[in-house]
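Data block below; observations after.
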Amino acid sequence: MALFVLGAGFDAHARTVYRCVQGGTVSLATAPEPGSRCTPREIDDNAVKLPNLWGAMGVVNGTLYERLQDGKTVYSTRKLPGSVKVLAFTVRTPPGEPAHAGLGRIGRPQLDRYPAQFRAAAKATGVDDTWLRAIAHAESGFDAAAVSPKGAIGVMQLMPETSRQYGVTDPFSSDQSIRAGARHLESLMRRYGDNLVLVAAAYNAGIGAVTRYGGVPPYAETQAYVAKVQVLQVRYREALERLPRGRTRTSAP
């Protein structure tokens with residue numbers, strides 16, 4: 001994203017992008033930054049794949065700034081004096097991270113999928129039924145046989161190490177998956193003080209990523225996932241509230 005903007009989005013004739021290092025951080029710019037050690041790189045406008053100029057520094061999001069330098073408008077991903085924010089950008093999940101956009105799609109609530117299992121798991125853990133259903137809907141679309149490209153399995157799309165942590169012997173068992181998923185969500189809710197945004201982010205991208213970024217990781221997949229489960233929880237709550245009392249309702253959040 002940054003390379004597209006720096007190399008083409010604002011100046012169709014730009015061919016050079018500067019990789020600038022200052023204070024141990026890397027930025028990309030259309031002109032050498034004052035106070036940084038900058039290396040020019042020629043970018044082929046017709047290249048099928050743009051080169052990685054960030055390096056192995058874990059840079060996965062940022063902000064593009066505009067400022068005047070020597071009478072010319074320049075762009076940089078570092079905020080320097082006189083800079084004005086142009087846009088914020090995110091990128092796809094780096095290799096090796098578990099984050100994903102989810103296999104399920106936002107749609108109508110599916111109250112007929114494993115209702116007894118969700119009620120039992122909610123009662124055993126204190127995790128709200130609507131939250132469990134929202135996660136399962138976003139994760140797998142309630143498909144017990146689902147296997148994600150990242151290696152997550154089952155209704156709750158648990159990674160193998162998470163399944164082992166909660167004693168799952170058959171990751172394709174809907175009962176075991178829902179119980180373990182509820183226990184994992186219960187643990188995350190204790191860790192994050194019932195902040196469901198952070199709970200969803202950690203469920204998707206892992207506790208390490210949330211800790212590393214001090215909140216929701218800047219991965220496009222995780223941000224979309226968090227928004228998805230929030231919408232789904234509202235839809236499941238509304239759907240359950242419309243049912244006659246005594247059927248599949250659980251206690252309110």
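Order determines the names: the first chain of the structure tokens is A, the second B, and so forth; residues in each chain are numbered 1 upward, and ligands are numbered 1 upward as they are shown.
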DSSP on the backbone, strand (DSSP E) only: what residues of region 3-245 of chain A does that give? Format it as an MDAnalysis selection string. chainID A and resid 16:22 25:29 37:42 61:69 72:76 84:90
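Taking CA of Ile135 (chain A) and CA of Thr169 (chain A) as endpoints, the distance between them is 21.1 Å.
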Residues near Glu42 (chain A), anyone? I mean within 7 Å using only C-alpha atoms, not counting same-chain ones fewer than 6 positions away, as a PyMOL selection string. chain A and resi 15-17
Expected file contents, prior selection, C-alpha atoms, as an mmCIF file, in the first residue's frame:
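So the final result, stored in selection_38.cif, reads:
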```cif
data_model
loop_
_atom_site.group_PDB
_atom_site.id
_atom_site.type_symbol
_atom_site.label_atom_id
_atom_site.label_comp_id
_atom_site.auth_asym_id
_atom_site.auth_seq_id
_atom_site.Cartn_x
_atom_site.Cartn_y
_atom_site.Cartn_z
ATOM 1 C CA ARG A 15 10.373 6.295 -9.912
ATOM 2 C CA THR A 16 12.425 6.573 -6.734
ATOM 3 C CA VAL A 17 11.404 5.633 -3.211
#
```
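Coordinates place CA of Ser140 (chain A) at a distance of 5.0 Å from CA of Leu103 (chain A).
The interatomic distance for the pair CA of Ala224 (chain A) and CA of Pro98 (chain A) works out to 14.4 Å.
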All residues 7 Å or closer to region 29-33 of chain A, only C-alpha atoms, same chain fewer than 6 positions away omitted, as a list of chain:residue names: A:Leu6, A:Thr16, A:Val17, A:Tyr18, A:Arg19, A:Cys20, A:Val74, A:Tyr75, A:Ser76, A:Thr77
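Proximity ranking of A:Arg41, A:Arg133, A:Arg92, A:Arg212 relative to Arg119 (chain A) places A:Arg133 first, based on only C-alpha atoms.
With only C-alpha atoms as the atoms that count, the minimum distance from Thr63 (chain A) to the choices A:Met189, A:Val231, A:Leu240, A:Val86 is reached by A:Val86.
Near Pro34 (chain A), within a cut-off of 10 Å and counting only C-alpha atoms, sit the residues A:Cys20, A:Gln22, A:Cys38, A:Gln69, A:Leu80, with same-chain residues fewer than 4 positions away left out.
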Between A:Arg183, A:Arg190, A:His100, A:His137, which has the minimum distance to Gly151 (chain A) (counting only C-alpha atoms)? A:His100
So which residues of region 12-242 of chain A fall under alpha helix (DSSP H) by DSSP, listed as an NGL selection string? :A and (115-125 or 129-140 or 160-165 or 174-191 or 196-205 or 207-213 or 220-242)
